[in-house]
$ cat upload.txt   # compact mmCIF, C-alpha atoms
# COMPACT_ATOMS: atom_id res chain seq x y z
CA MET T 1325 22.12 -86.46 -88.44
CA ALA T 1326 23.39 -87.15 -91.97
CA SER T 1327 23.13 -90.02 -94.43
CA PHE T 1328 26.82 -89.89 -95.40
CA PRO T 1329 30.16 -89.29 -93.64
CA GLU T 1330 31.30 -85.65 -93.44
CA ARG T 1331 34.22 -86.23 -95.80
CA VAL T 1332 31.84 -87.43 -98.55
CA ASN T 1333 30.21 -84.87 -100.84
CA GLU T 1334 26.71 -86.21 -101.46
CA LYS T 1335 26.44 -84.26 -104.72
CA LEU T 1336 29.38 -86.19 -106.18
CA ILE T 1337 27.82 -89.62 -105.61
CA ALA T 1338 26.49 -91.02 -108.87
CA ARG T 1339 22.73 -91.50 -109.32
CA SER T 1340 21.59 -94.88 -110.62
CA ARG T 1341 19.82 -94.95 -113.96
CA THR T 1342 16.19 -96.11 -113.77
CA VAL T 1343 15.59 -99.16 -115.94
CA GLY T 1344 11.85 -99.53 -115.39
CA GLU T 1345 9.03 -100.11 -112.96
CA LEU T 1346 6.13 -102.51 -112.57
CA LEU T 1347 3.20 -100.79 -110.92
CA ALA T 1348 0.64 -102.86 -109.06
CA PRO T 1349 -2.96 -102.30 -110.22
CA THR T 1350 -5.12 -100.38 -107.77
CA SER T 1351 -8.83 -99.96 -107.23
CA PRO T 1352 -10.76 -97.31 -105.27
CA PHE T 1353 -11.60 -99.75 -102.47
CA ASP T 1354 -8.17 -101.25 -101.97
CA LYS T 1355 -7.04 -101.47 -98.38
CA LYS T 1356 -3.63 -99.99 -97.71
CA CYS T 1357 -2.63 -102.97 -95.59
CA GLY T 1358 -2.05 -106.22 -97.43
CA ARG T 1359 -0.60 -104.54 -100.53
CA GLU T 1360 3.01 -104.76 -99.36
CA ASN T 1361 5.60 -106.26 -101.67
CA TRP T 1362 7.65 -108.16 -99.11
CA THR T 1363 9.76 -110.09 -101.56
CA VAL T 1364 11.13 -110.09 -105.11
CA ALA T 1365 13.11 -112.86 -106.81
CA PHE T 1366 14.87 -113.76 -110.05
CA ALA T 1367 15.00 -117.34 -111.34
CA PRO T 1368 18.50 -118.91 -111.17
CA ASP T 1369 18.71 -119.03 -114.97
CA GLY T 1370 17.40 -115.48 -115.35
CA SER T 1371 14.28 -116.59 -117.22
CA TYR T 1372 11.68 -115.27 -114.76
CA PHE T 1373 11.09 -112.47 -112.30
CA ALA T 1374 8.55 -112.87 -109.48
CA TRP T 1375 7.16 -110.52 -106.87
CA SER T 1376 4.37 -110.44 -104.30
CA GLN T 1377 1.93 -107.93 -105.71
CA GLY T 1378 -0.16 -107.71 -102.55
CA HIS T 1379 -3.58 -109.16 -101.65
CA ARG T 1380 -2.47 -112.83 -102.03
CA ILE T 1381 -1.22 -112.34 -105.60
CA VAL T 1382 2.18 -113.37 -106.97
CA LYS T 1383 3.14 -112.24 -110.45
CA LEU T 1384 5.52 -114.29 -112.62
CA VAL T 1385 6.95 -112.42 -115.60
CA PRO T 1386 9.46 -113.56 -118.26
CA TRP T 1387 12.44 -111.34 -117.47
CA ALA T 1388 13.69 -110.92 -121.05
CA GLN T 1389 10.25 -109.80 -122.16
CA CYS T 1390 10.02 -107.43 -119.21
CA LEU T 1391 13.27 -105.76 -120.24
CA ASN T 1392 12.06 -105.50 -123.84
CA ASN T 1393 8.86 -103.80 -122.67
CA PHE T 1394 10.91 -101.23 -120.77
CA LEU T 1395 12.92 -100.47 -123.91
CA LEU T 1396 9.87 -100.27 -126.18
CA HIS T 1397 7.38 -98.47 -123.95
CA GLY T 1398 9.56 -96.53 -121.54
CA THR T 1399 10.21 -97.23 -117.90
CA LYS T 1400 6.61 -97.40 -116.70
CA ASN T 1401 4.67 -100.62 -117.08
CA VAL T 1402 1.42 -101.43 -115.32
CA ALA T 1403 1.65 -105.00 -114.05
CA ASN T 1404 -1.44 -106.30 -115.84
CA SER T 1405 -0.81 -104.63 -119.20
CA ILE T 1406 0.51 -107.75 -120.93
CA SER T 1407 -1.58 -110.37 -119.17
CA LEU T 1408 -4.23 -110.75 -121.87
CA ARG T 1409 -1.74 -111.28 -124.65
CA LEU T 1410 0.13 -113.95 -122.72
CA SER T 1411 -2.86 -115.76 -121.20
CA ARG T 1412 -3.50 -117.59 -124.47
CA GLN T 1413 0.03 -118.99 -124.40
CA ASN T 1414 -0.41 -120.46 -120.94
CA SER T 1415 -2.96 -123.03 -122.12
CA ASP T 1416 -0.78 -124.29 -124.95
CA SER T 1417 0.99 -127.44 -123.83
CA SER T 1418 3.59 -127.07 -126.56
CA GLN T 1419 4.75 -123.87 -124.86
CA LYS T 1420 5.53 -125.59 -121.57
CA ASN T 1421 9.15 -124.50 -121.26
CA LYS T 1422 8.73 -121.21 -123.05
CA PRO T 1423 8.57 -118.37 -120.51
CA CYS T 1424 4.96 -117.27 -120.07
CA GLU T 1425 3.43 -114.83 -117.63
CA HIS T 1426 1.39 -116.21 -114.73
CA ILE T 1427 -0.76 -114.59 -112.05
CA ILE T 1428 -0.96 -116.85 -109.00
CA ASP T 1429 -3.53 -116.49 -106.23
CA CYS T 1430 -1.86 -117.98 -103.16
CA GLY T 1431 -4.93 -117.76 -100.91
CA ASP T 1432 -3.26 -115.59 -98.25
CA ILE T 1433 -0.82 -112.71 -97.88
CA VAL T 1434 2.56 -113.65 -99.39
CA TRP T 1435 5.61 -112.85 -97.27
CA SER T 1436 8.36 -114.76 -99.07
CA LEU T 1437 9.34 -116.15 -102.47
CA ALA T 1438 12.13 -118.42 -103.70
CA PHE T 1439 12.99 -120.08 -106.99
CA GLY T 1440 14.45 -123.58 -107.07
CA SER T 1441 15.79 -125.64 -109.95
CA SER T 1442 16.57 -129.35 -109.90
CA VAL T 1443 19.59 -131.40 -110.87
CA PRO T 1444 18.50 -135.02 -111.55
CA GLU T 1445 21.85 -136.48 -110.45
CA LYS T 1446 21.43 -134.94 -107.00
CA GLN T 1447 19.54 -137.68 -105.18
CA SER T 1448 17.01 -137.24 -102.41
CA ARG T 1449 17.96 -138.33 -98.89
CA CYS T 1450 14.84 -140.49 -98.86
CA VAL T 1451 15.45 -144.22 -99.50
CA ASN T 1452 12.14 -145.04 -101.19
CA ILE T 1453 12.70 -142.93 -104.28
CA GLU T 1454 10.39 -145.09 -106.43
CA TRP T 1455 7.39 -144.00 -104.35
CA HIS T 1456 7.71 -140.30 -105.08
CA ARG T 1457 4.70 -138.49 -106.52
CA PHE T 1458 6.87 -136.04 -108.48
CA LYS T 1459 9.89 -136.82 -110.64
CA PHE T 1460 11.73 -133.61 -111.36
CA GLY T 1461 13.51 -133.27 -114.67
CA GLN T 1462 16.59 -131.27 -115.54
CA ASP T 1463 14.49 -128.36 -116.79
CA GLN T 1464 12.29 -128.21 -113.69
CA LEU T 1465 11.80 -124.74 -112.21
CA LEU T 1466 9.80 -124.30 -109.01
CA LEU T 1467 8.52 -121.31 -107.07
CA ALA T 1468 7.99 -121.54 -103.31
CA THR T 1469 5.68 -119.02 -101.62
CA GLY T 1470 5.57 -118.47 -97.87
CA LEU T 1471 2.22 -117.31 -96.54
CA ASN T 1472 0.73 -115.41 -93.64
CA ASN T 1473 -1.01 -118.54 -92.30
CA GLY T 1474 2.25 -120.52 -91.98
CA ARG T 1475 1.79 -122.56 -95.16
CA ILE T 1476 4.30 -122.95 -97.97
CA LYS T 1477 2.98 -123.56 -101.47
CA ILE T 1478 5.15 -124.97 -104.25
CA TRP T 1479 4.29 -124.06 -107.86
CA ASP T 1480 5.43 -125.22 -111.28
CA VAL T 1481 6.78 -122.03 -112.85
CA TYR T 1482 6.16 -123.13 -116.45
CA THR T 1483 2.50 -124.04 -115.94
CA GLY T 1484 1.53 -122.02 -112.86
CA LYS T 1485 0.06 -125.16 -111.25
CA LEU T 1486 0.18 -125.92 -107.53
CA LEU T 1487 2.33 -128.99 -106.79
CA LEU T 1488 2.72 -129.15 -103.02
CA ASN T 1489 1.20 -127.57 -99.93
CA LEU T 1490 3.58 -127.73 -96.95
CA MET T 1491 1.97 -127.29 -93.55
CA ASP T 1492 3.92 -127.26 -90.31
CA HIS T 1493 4.74 -123.67 -89.34
CA THR T 1494 2.34 -122.03 -86.91
CA GLU T 1495 3.15 -118.41 -87.80
CA VAL T 1496 4.09 -116.25 -90.80
CA VAL T 1497 6.70 -117.78 -93.12
CA ARG T 1498 8.99 -114.78 -93.34
CA ASP T 1499 11.67 -116.10 -95.71
CA LEU T 1500 12.49 -119.03 -97.98
CA THR T 1501 15.72 -120.20 -99.61
CA PHE T 1502 16.63 -123.16 -101.81
CA ALA T 1503 20.00 -124.91 -101.61
CA PRO T 1504 22.03 -123.73 -104.65
CA ASP T 1505 23.28 -127.26 -105.41
CA GLY T 1506 20.05 -128.25 -107.18
CA SER T 1507 19.01 -130.77 -104.51
CA LEU T 1508 15.65 -128.99 -104.05
CA ILE T 1509 16.29 -128.72 -100.32
CA LEU T 1510 14.18 -125.79 -99.09
CA VAL T 1511 14.63 -123.92 -95.81
CA SER T 1512 11.88 -121.76 -94.35
CA ALA T 1513 12.20 -119.09 -91.65
CA SER T 1514 9.17 -118.24 -89.56
CA ARG T 1515 7.84 -116.05 -86.80
CA ASP T 1516 7.25 -119.24 -84.83
CA LYS T 1517 10.98 -118.99 -83.93
CA THR T 1518 12.04 -121.99 -86.04
CA LEU T 1519 13.66 -122.88 -89.33
CA ARG T 1520 12.40 -125.97 -91.13
CA VAL T 1521 14.21 -128.02 -93.75
CA TRP T 1522 12.13 -129.60 -96.53
CA ASP T 1523 13.11 -132.12 -99.21
CA LEU T 1524 10.98 -131.41 -102.28
CA LYS T 1525 12.39 -134.44 -104.11
CA ASP T 1526 10.81 -136.47 -101.30
CA ASP T 1527 7.38 -134.94 -101.98
CA GLY T 1528 8.03 -132.09 -99.55
CA ASN T 1529 8.97 -134.21 -96.55
CA MET T 1530 10.11 -132.08 -93.61
CA MET T 1531 13.57 -133.33 -92.70
CA LYS T 1532 14.56 -131.20 -89.73
CA VAL T 1533 13.52 -128.38 -87.42
CA LEU T 1534 16.33 -125.96 -86.49
CA ARG T 1535 15.75 -124.38 -83.09
CA GLY T 1536 17.80 -121.72 -81.35
CA HIS T 1537 16.15 -118.40 -82.07
CA GLN T 1538 14.38 -116.91 -79.06
CA ASN T 1539 12.15 -114.68 -81.18
CA TRP T 1540 10.99 -114.11 -84.77
CA VAL T 1541 13.24 -115.40 -87.54
CA TYR T 1542 13.36 -112.79 -90.32
CA GLY T 1543 15.58 -114.33 -92.96
CA CYS T 1544 17.86 -117.15 -94.07
CA ALA T 1545 20.42 -117.76 -96.80
CA PHE T 1546 22.56 -120.66 -98.02
CA SER T 1547 26.26 -120.40 -98.73
CA PRO T 1548 27.09 -121.03 -102.42
CA ASP T 1549 28.22 -124.62 -101.72
CA SER T 1550 25.05 -125.32 -99.67
CA SER T 1551 27.08 -126.42 -96.65
CA ILE T 1552 26.26 -123.46 -94.37
CA LEU T 1553 22.99 -121.71 -93.62
CA CYS T 1554 22.77 -118.25 -92.09
CA SER T 1555 19.61 -117.24 -90.22
CA VAL T 1556 18.84 -113.81 -88.78
CA GLY T 1557 16.13 -112.57 -86.48
CA ALA T 1558 14.94 -110.38 -83.64
CA ASN T 1559 17.09 -109.67 -80.59
CA LYS T 1560 20.25 -109.10 -82.69
CA ALA T 1561 20.36 -112.75 -83.74
CA VAL T 1562 22.74 -113.99 -86.46
CA PHE T 1563 23.26 -117.77 -86.45
CA LEU T 1564 25.32 -120.05 -88.69
CA TRP T 1565 24.26 -123.68 -89.19
CA ASP T 1566 26.09 -126.75 -90.49
CA MET T 1567 23.66 -128.19 -93.04
CA ASP T 1568 25.29 -131.62 -93.10
CA LYS T 1569 24.87 -132.15 -89.36
CA TYR T 1570 21.94 -129.71 -88.86
CA SER T 1571 23.76 -128.18 -85.91
CA MET T 1572 24.63 -124.60 -84.99
CA ILE T 1573 28.19 -123.58 -85.81
CA ARG T 1574 28.31 -120.19 -84.09
CA LYS T 1575 26.46 -117.00 -83.24
CA LEU T 1576 27.71 -113.74 -84.73
CA GLU T 1577 27.53 -110.84 -82.29
CA GLY T 1578 27.79 -107.16 -83.14
CA HIS T 1579 24.38 -105.76 -84.17
CA HIS T 1580 22.35 -103.61 -81.77
CA ASN T 1581 18.82 -104.23 -83.08
CA ASP T 1582 16.79 -106.81 -85.00
CA VAL T 1583 18.66 -108.32 -87.96
CA VAL T 1584 16.31 -108.64 -90.92
CA ALA T 1585 18.27 -109.80 -93.97
CA CYS T 1586 21.40 -111.74 -94.90
CA GLU T 1587 23.23 -112.96 -97.99
CA PHE T 1588 26.52 -114.68 -98.80
CA SER T 1589 28.98 -113.43 -101.40
CA PRO T 1590 29.27 -115.56 -104.59
CA ASP T 1591 32.48 -117.19 -103.34
CA GLY T 1592 31.11 -117.82 -99.83
CA ALA T 1593 33.96 -115.90 -98.19
CA LEU T 1594 31.75 -113.02 -97.01
CA LEU T 1595 28.38 -112.66 -95.35
CA ALA T 1596 26.33 -109.43 -95.39
CA THR T 1597 23.69 -108.76 -92.73
CA ALA T 1598 21.26 -105.83 -92.51
CA SER T 1599 19.77 -104.56 -89.27
CA TYR T 1600 17.39 -102.01 -87.86
CA ASP T 1601 20.46 -100.58 -86.06
CA THR T 1602 21.18 -98.53 -89.25
CA ARG T 1603 24.10 -100.74 -90.28
CA VAL T 1604 25.09 -103.40 -92.76
CA TYR T 1605 27.91 -105.61 -91.52
CA VAL T 1606 30.11 -107.72 -93.77
CA TRP T 1607 31.48 -110.74 -91.90
CA ASP T 1608 33.97 -113.48 -92.45
CA PRO T 1609 31.55 -116.32 -91.66
CA HIS T 1610 34.35 -118.85 -91.19
CA ILE T 1611 35.83 -117.07 -88.15
CA GLY T 1612 32.93 -114.79 -87.12
CA VAL T 1613 34.77 -111.47 -87.54
CA ILE T 1614 33.31 -108.20 -88.85
CA LEU T 1615 35.38 -107.04 -91.83
CA MET T 1616 33.37 -104.01 -92.98
CA GLU T 1617 30.63 -101.73 -91.69
CA PHE T 1618 28.33 -99.76 -93.98
CA GLY T 1619 26.56 -97.06 -92.00
CA HIS T 1620 23.32 -95.32 -92.99
CA LEU T 1621 23.36 -92.63 -90.30
CA PHE T 1622 26.20 -90.26 -89.32
CA PRO T 1623 27.56 -89.77 -86.81
CA PRO T 1624 26.99 -93.46 -85.98
CA PRO T 1625 24.22 -93.80 -83.40
CA THR T 1626 24.90 -95.03 -79.91
CA PRO T 1627 23.79 -98.60 -79.12
CA ILE T 1628 20.72 -97.30 -77.25
CA PHE T 1629 19.59 -95.07 -80.13
CA ALA T 1630 20.48 -97.73 -82.73
CA GLY T 1631 18.36 -100.22 -80.83
CA GLY T 1632 15.20 -98.15 -81.15
CA ALA T 1633 13.12 -96.31 -83.75
CA ASN T 1634 15.97 -94.38 -85.38
CA ASP T 1635 14.33 -93.59 -88.77
CA ARG T 1636 17.14 -95.38 -90.62
CA TRP T 1637 16.13 -99.02 -90.34
CA VAL T 1638 17.91 -101.03 -93.02
CA ARG T 1639 15.29 -103.30 -94.59
CA SER T 1640 17.24 -105.39 -97.08
CA VAL T 1641 20.70 -106.26 -98.38
CA SER T 1642 21.87 -108.07 -101.51
CA PHE T 1643 25.25 -109.21 -102.85
CA SER T 1644 26.01 -108.67 -106.52
CA HIS T 1645 27.25 -111.62 -108.55
CA ASP T 1646 30.55 -109.87 -109.24
CA GLY T 1647 31.40 -110.17 -105.54
CA LEU T 1648 32.40 -106.49 -105.51
CA HIS T 1649 29.12 -104.66 -104.87
CA ILE T 1650 26.41 -104.74 -102.22
CA ALA T 1651 23.01 -103.04 -102.35
CA SER T 1652 21.10 -101.91 -99.27
CA LEU T 1653 17.66 -100.41 -98.81
CA ALA T 1654 16.74 -98.25 -95.80
CA ASP T 1655 13.89 -96.19 -94.40
CA ASP T 1656 15.56 -92.90 -95.39
CA LYS T 1657 14.03 -93.24 -98.89
CA MET T 1658 17.27 -94.28 -100.50
CA VAL T 1659 18.84 -97.33 -102.16
CA ARG T 1660 22.61 -97.48 -101.80
CA PHE T 1661 25.20 -99.37 -103.85
CA TRP T 1662 28.46 -100.09 -102.02
CA ARG T 1663 31.85 -101.43 -103.03
CA ILE T 1664 33.26 -103.94 -100.57
CA ASP T 1665 36.45 -101.87 -100.24
CA GLU T 1666 34.77 -98.46 -99.66
CA ASP T 1667 32.83 -97.31 -96.57
CA TYR T 1668 30.55 -94.94 -98.52
CA PRO T 1669 28.10 -95.59 -101.37
CA VAL T 1670 29.36 -95.42 -104.96
CA GLN T 1671 25.83 -94.97 -106.31
CA VAL T 1672 22.39 -94.12 -104.89
CA ALA T 1673 18.78 -94.11 -106.05
CA PRO T 1674 15.61 -92.63 -104.52
CA LEU T 1675 12.89 -94.99 -103.29
CA ASN T 1676 9.92 -94.34 -101.02
CA ASN T 1677 8.67 -97.06 -98.66
CA GLY T 1678 11.06 -99.75 -99.90
CA LEU T 1679 10.90 -103.19 -98.31
CA CYS T 1680 13.14 -105.59 -100.25
CA CYS T 1681 15.78 -105.72 -102.99
CA THR T 1682 17.75 -108.24 -105.02
CA PHE T 1683 20.18 -108.29 -107.94
CA SER T 1684 19.27 -109.88 -111.25
CA THR T 1685 20.99 -113.14 -112.15
CA ASP T 1686 23.64 -111.38 -114.25
CA GLY T 1687 24.02 -108.56 -111.72
CA SER T 1688 23.17 -105.80 -114.20
CA VAL T 1689 19.86 -104.73 -112.58
CA LEU T 1690 18.64 -104.25 -109.02
CA ALA T 1691 14.94 -104.84 -108.29
CA ALA T 1692 13.28 -103.30 -105.22
CA GLY T 1693 9.77 -103.85 -103.87
CA THR T 1694 7.67 -101.29 -102.02
CA GLN T 1695 4.73 -101.08 -99.61
CA ASP T 1696 2.21 -100.46 -102.40
CA GLY T 1697 3.03 -103.70 -104.25
CA SER T 1698 5.13 -102.12 -107.01
CA VAL T 1699 8.67 -102.92 -108.19
CA TYR T 1700 11.37 -100.52 -109.36
CA PHE T 1701 14.50 -101.39 -111.33
CA TRP T 1702 17.88 -99.63 -111.56
CA ALA T 1703 21.06 -100.20 -113.51
CA THR T 1704 23.84 -101.33 -111.18
CA PRO T 1705 27.40 -99.94 -111.02
CA LYS T 1706 29.51 -101.27 -113.87
CA GLN T 1707 33.08 -102.28 -113.24
CA VAL T 1708 35.40 -104.82 -114.84
CA SER T 1709 36.67 -107.10 -112.09
CA SER T 1710 40.44 -107.19 -111.75
CA LEU T 1711 42.36 -110.40 -112.37
CA GLN T 1712 43.40 -110.36 -108.70
CA HIS T 1713 39.79 -110.27 -107.55
CA LEU T 1714 38.76 -113.06 -109.94
CA CYS T 1715 41.63 -115.22 -108.68
CA ARG T 1716 40.65 -114.44 -105.08
CA MET T 1717 37.07 -115.52 -105.72
CA ALA T 1718 38.24 -118.74 -107.40
CA ILE T 1719 40.45 -119.61 -104.42
CA ARG T 1720 37.86 -118.70 -101.79
CA ARG T 1721 35.18 -120.85 -103.43
CA VAL T 1722 37.14 -123.93 -102.37
CA MET T 1723 39.20 -122.73 -99.42
CA PRO T 1724 37.96 -121.42 -96.03
CA THR T 1725 39.77 -118.74 -94.08
CA SER T 1726 41.62 -121.18 -91.82
CA LEU T 1727 43.29 -122.88 -94.80
CA VAL T 1728 44.09 -119.57 -96.50
CA LYS T 1729 45.93 -118.36 -93.39
CA ASN T 1730 48.12 -121.47 -93.46
CA LEU T 1731 49.25 -120.94 -97.05
CA PRO T 1732 53.02 -120.38 -97.44
CA ILE T 1733 52.60 -116.97 -99.08
CA PRO T 1734 53.40 -113.36 -98.03
CA SER T 1735 51.16 -111.89 -95.32
CA LYS T 1736 49.87 -109.17 -97.67
CA MET T 1737 48.56 -111.82 -100.04
CA VAL T 1738 46.89 -113.63 -97.14
CA GLU T 1739 45.20 -110.39 -96.08
CA PHE T 1740 44.00 -109.79 -99.64
CA LEU T 1741 42.61 -113.33 -99.95
CA CYS T 1742 40.85 -112.87 -96.60
CA TYR T 1743 39.29 -109.55 -97.74
CA GLN T 1744 41.19 -107.66 -95.04
CA ILE T 1745 42.65 -105.04 -97.42
$ encode --input "upload.txt" --output "structure tokens"
Amino acid sequence: MASFPERVNEKLIARSRTVGELLAPTSPFDKKCGRENWTVAFAPDGSYFAWSQGHRIVKLVPWAQCLNNFLLHGTKNVANSISLRLSRQNSDSSQKNKPCEHIIDCGDIVWSLAFGSSVPEKQSRCVNIEWHRFKFGQDQLLLATGLNNGRIKIWDVYTGKLLLNLMDHTEVVRDLTFAPDGSLILVSASRDKTLRVWDLKDDGNMMKVLRGHQNWVYGCAFSPDSSILCSVGANKAVFLWDMDKYSMIRKLEGHHNDVVACEFSPDGALLATASYDTRVYVWDPHIGVILMEFGHLFPPPTPIFAGGANDRWVRSVSFSHDGLHIASLADDKMVRFWRIDEDYPVQVAPLNNGLCCTFSTDGSVLAAGTQDGSVYFWATPKQVSSLQHLCRMAIRRVMPTSLVKNLPIPSKMVEFLCYQI
């Protein structure tokens, strides 16, 4: 079994440059379980980076300062090395909106993180707006943490204070995602087989329960226009939901094992899903068709082998903001960077015991979390997007596949706009 197709010379694939690493502090009596870094996240404006450091702790670090530390002190950086210097800033009220480091004790093992920012003009769906406890301003930045006990805690990023404690799930909250439109609508995915929709502008009121999964729900992701939600889970489940009607649009079928991660492309025209079946599929979510397959084991395993313990479980997938690159993280101790028009990686990086990955807000860095609570960073592939691709993304942001196919243009152009060539 190989990690690349036979026609690909592994030695010719570029190695990603290491940008830095944040190592979780350890003590002689630390238990190995409970240290896992299940999730990493960048703030929408790029001001903060957050990760679950293990043992109930979430670390919030100003991203610009983190990059500066890597440049000044080399790639290695112990997570607590700058805490003392920044702790004095945290108590200064005049520094409220200046990025400051925070260490948050969430009270239980943290499985999921998500940043959310508010847009004041985006009104809550609740009628009695004057009765709200919290009035979010334009500069509001929140962090949601999903815990082992089923609770979701909402924190003010600038102060590190707890704002809300959402209690309704009965099992682990495995993933969280905010609507990108600034409405502060939060969706949580849980092992209790449900997704729950929360309105944080209505003091965390739970608006809807989405049911349909027959087993654990591993992940969820909004489309860029917030109209569609994708949820993935055990038993090969990939579901698409209409978030205006809170109804299921369709099920996507093709994986052979649990599906554990999903993410939309920046224009919403593509959806990437990662599975324990050793594959990442790229779908057209509007018609439910698989456009690309990124394999992590060659020759491709049979459905029976792919559905079991195949040593190549894909743990995470992330779409770059250029819409051209995808990153995946698998159990074969490797991070892969893919182009959406190539079926082999254009860049790779070594990583032991990786669990999660995500691109930075500007797409220049990939962050990956590991089982020991640490985070590693790599420079991403650099490529100037073509004018054709930029035009395609602009069109696909406002036009679904069905409308594109009805355009009075040559068939080759339609195929290009639909990412079929």
$ residues_around --input "upload.txt" --residues "range 1613-1621 of chain T" --least-positions-apart "5" --cutoff "10 Å" --atoms "only C-alpha atoms" --output "ChimeraX atom specification"
/T:1325-1329,1576-1578,1594-1598,1601-1608,1630,1634-1638,1650,1652-1656,1658,1660,1662-1669,1742-1745
$ write_last_selection --input "upload.txt" --atoms "C-alpha atoms" --output "PDB file, in the frame of the given file"
ATOM      1  CA  MET T1325      22.120 -86.460 -88.440  1.00  0.00           C
ATOM      2  CA  ALA T1326      23.390 -87.150 -91.970  1.00  0.00           C
ATOM      3  CA  SER T1327      23.130 -90.020 -94.430  1.00  0.00           C
ATOM      4  CA  PHE T1328      26.820 -89.890 -95.400  1.00  0.00           C
ATOM      5  CA  PRO T1329      30.160 -89.290 -93.640  1.00  0.00           C
ATOM      6  CA  LEU T1576      27.710-113.740 -84.730  1.00  0.00           C
ATOM      7  CA  GLU T1577      27.530-110.840 -82.290  1.00  0.00           C
ATOM      8  CA  GLY T1578      27.790-107.160 -83.140  1.00  0.00           C
ATOM      9  CA  LEU T1594      31.750-113.020 -97.010  1.00  0.00           C
ATOM     10  CA  LEU T1595      28.380-112.660 -95.350  1.00  0.00           C
ATOM     11  CA  ALA T1596      26.330-109.430 -95.390  1.00  0.00           C
ATOM     12  CA  THR T1597      23.690-108.760 -92.730  1.00  0.00           C
ATOM     13  CA  ALA T1598      21.260-105.830 -92.510  1.00  0.00           C
ATOM     14  CA  ASP T1601      20.460-100.580 -86.060  1.00  0.00           C
ATOM     15  CA  THR T1602      21.180 -98.530 -89.250  1.00  0.00           C
ATOM     16  CA  ARG T1603      24.100-100.740 -90.280  1.00  0.00           C
ATOM     17  CA  VAL T1604      25.090-103.400 -92.760  1.00  0.00           C
ATOM     18  CA  TYR T1605      27.910-105.610 -91.520  1.00  0.00           C
ATOM     19  CA  VAL T1606      30.110-107.720 -93.770  1.00  0.00           C
ATOM     20  CA  TRP T1607      31.480-110.740 -91.900  1.00  0.00           C
ATOM     21  CA  ASP T1608      33.970-113.480 -92.450  1.00  0.00           C
ATOM     22  CA  ALA T1630      20.480 -97.730 -82.730  1.00  0.00           C
ATOM     23  CA  ASN T1634      15.970 -94.380 -85.380  1.00  0.00           C
ATOM     24  CA  ASP T1635      14.330 -93.590 -88.770  1.00  0.00           C
ATOM     25  CA  ARG T1636      17.140 -95.380 -90.620  1.00  0.00           C
ATOM     26  CA  TRP T1637      16.130 -99.020 -90.340  1.00  0.00           C
ATOM     27  CA  VAL T1638      17.910-101.030 -93.020  1.00  0.00           C
ATOM     28  CA  ILE T1650      26.410-104.740-102.220  1.00  0.00           C
ATOM     29  CA  SER T1652      21.100-101.910 -99.270  1.00  0.00           C
ATOM     30  CA  LEU T1653      17.660-100.410 -98.810  1.00  0.00           C
ATOM     31  CA  ALA T1654      16.740 -98.250 -95.800  1.00  0.00           C
ATOM     32  CA  ASP T1655      13.890 -96.190 -94.400  1.00  0.00           C
ATOM     33  CA  ASP T1656      15.560 -92.900 -95.390  1.00  0.00           C
ATOM     34  CA  MET T1658      17.270 -94.280-100.500  1.00  0.00           C
ATOM     35  CA  ARG T1660      22.610 -97.480-101.800  1.00  0.00           C
ATOM     36  CA  TRP T1662      28.460-100.090-102.020  1.00  0.00           C
ATOM     37  CA  ARG T1663      31.850-101.430-103.030  1.00  0.00           C
ATOM     38  CA  ILE T1664      33.260-103.940-100.570  1.00  0.00           C
ATOM     39  CA  ASP T1665      36.450-101.870-100.240  1.00  0.00           C
ATOM     40  CA  GLU T1666      34.770 -98.460 -99.660  1.00  0.00           C
ATOM     41  CA  ASP T1667      32.830 -97.310 -96.570  1.00  0.00           C
ATOM     42  CA  TYR T1668      30.550 -94.940 -98.520  1.00  0.00           C
ATOM     43  CA  PRO T1669      28.100 -95.590-101.370  1.00  0.00           C
ATOM     44  CA  CYS T1742      40.850-112.870 -96.600  1.00  0.00           C
ATOM     45  CA  TYR T1743      39.290-109.550 -97.740  1.00  0.00           C
ATOM     46  CA  GLN T1744      41.190-107.660 -95.040  1.00  0.00           C
ATOM     47  CA  ILE T1745      42.650-105.040 -97.420  1.00  0.00           C
TER      48      ILE T1745
END
$ closest_residue --input "upload.txt" --among "T:Leu1467, T:Leu1714, T:Ala1703, T:Ile1552" --to "Gly1687 in chain T" --atoms "only C-alpha atoms"
T:Ala1703
$ residues_near_point --input "upload.txt" --point "(5.0, -115.1, -115.9)" --cutoff "10 Å" --atoms "all atoms listed in the file" --output "compact mmCIF listing (two decimals) with C-alpha atoms, in the frame of the given file"
# COMPACT_ATOMS: atom_id res chain seq x y z
CA SER T 1371 14.28 -116.59 -117.22
CA TYR T 1372 11.68 -115.27 -114.76
CA PHE T 1373 11.09 -112.47 -112.30
CA ALA T 1374 8.55 -112.87 -109.48
CA VAL T 1382 2.18 -113.37 -106.97
CA LYS T 1383 3.14 -112.24 -110.45
CA LEU T 1384 5.52 -114.29 -112.62
CA VAL T 1385 6.95 -112.42 -115.60
CA PRO T 1386 9.46 -113.56 -118.26
CA TRP T 1387 12.44 -111.34 -117.47
CA GLN T 1389 10.25 -109.80 -122.16
CA CYS T 1390 10.02 -107.43 -119.21
CA ILE T 1406 0.51 -107.75 -120.93
CA SER T 1407 -1.58 -110.37 -119.17
CA LEU T 1410 0.13 -113.95 -122.72
CA SER T 1411 -2.86 -115.76 -121.20
CA ASN T 1414 -0.41 -120.46 -120.94
CA PRO T 1423 8.57 -118.37 -120.51
CA CYS T 1424 4.96 -117.27 -120.07
CA GLU T 1425 3.43 -114.83 -117.63
CA HIS T 1426 1.39 -116.21 -114.73
CA ILE T 1427 -0.76 -114.59 -112.05
CA ILE T 1428 -0.96 -116.85 -109.00
CA VAL T 1481 6.78 -122.03 -112.85
CA TYR T 1482 6.16 -123.13 -116.45
CA THR T 1483 2.50 -124.04 -115.94
CA GLY T 1484 1.53 -122.02 -112.86
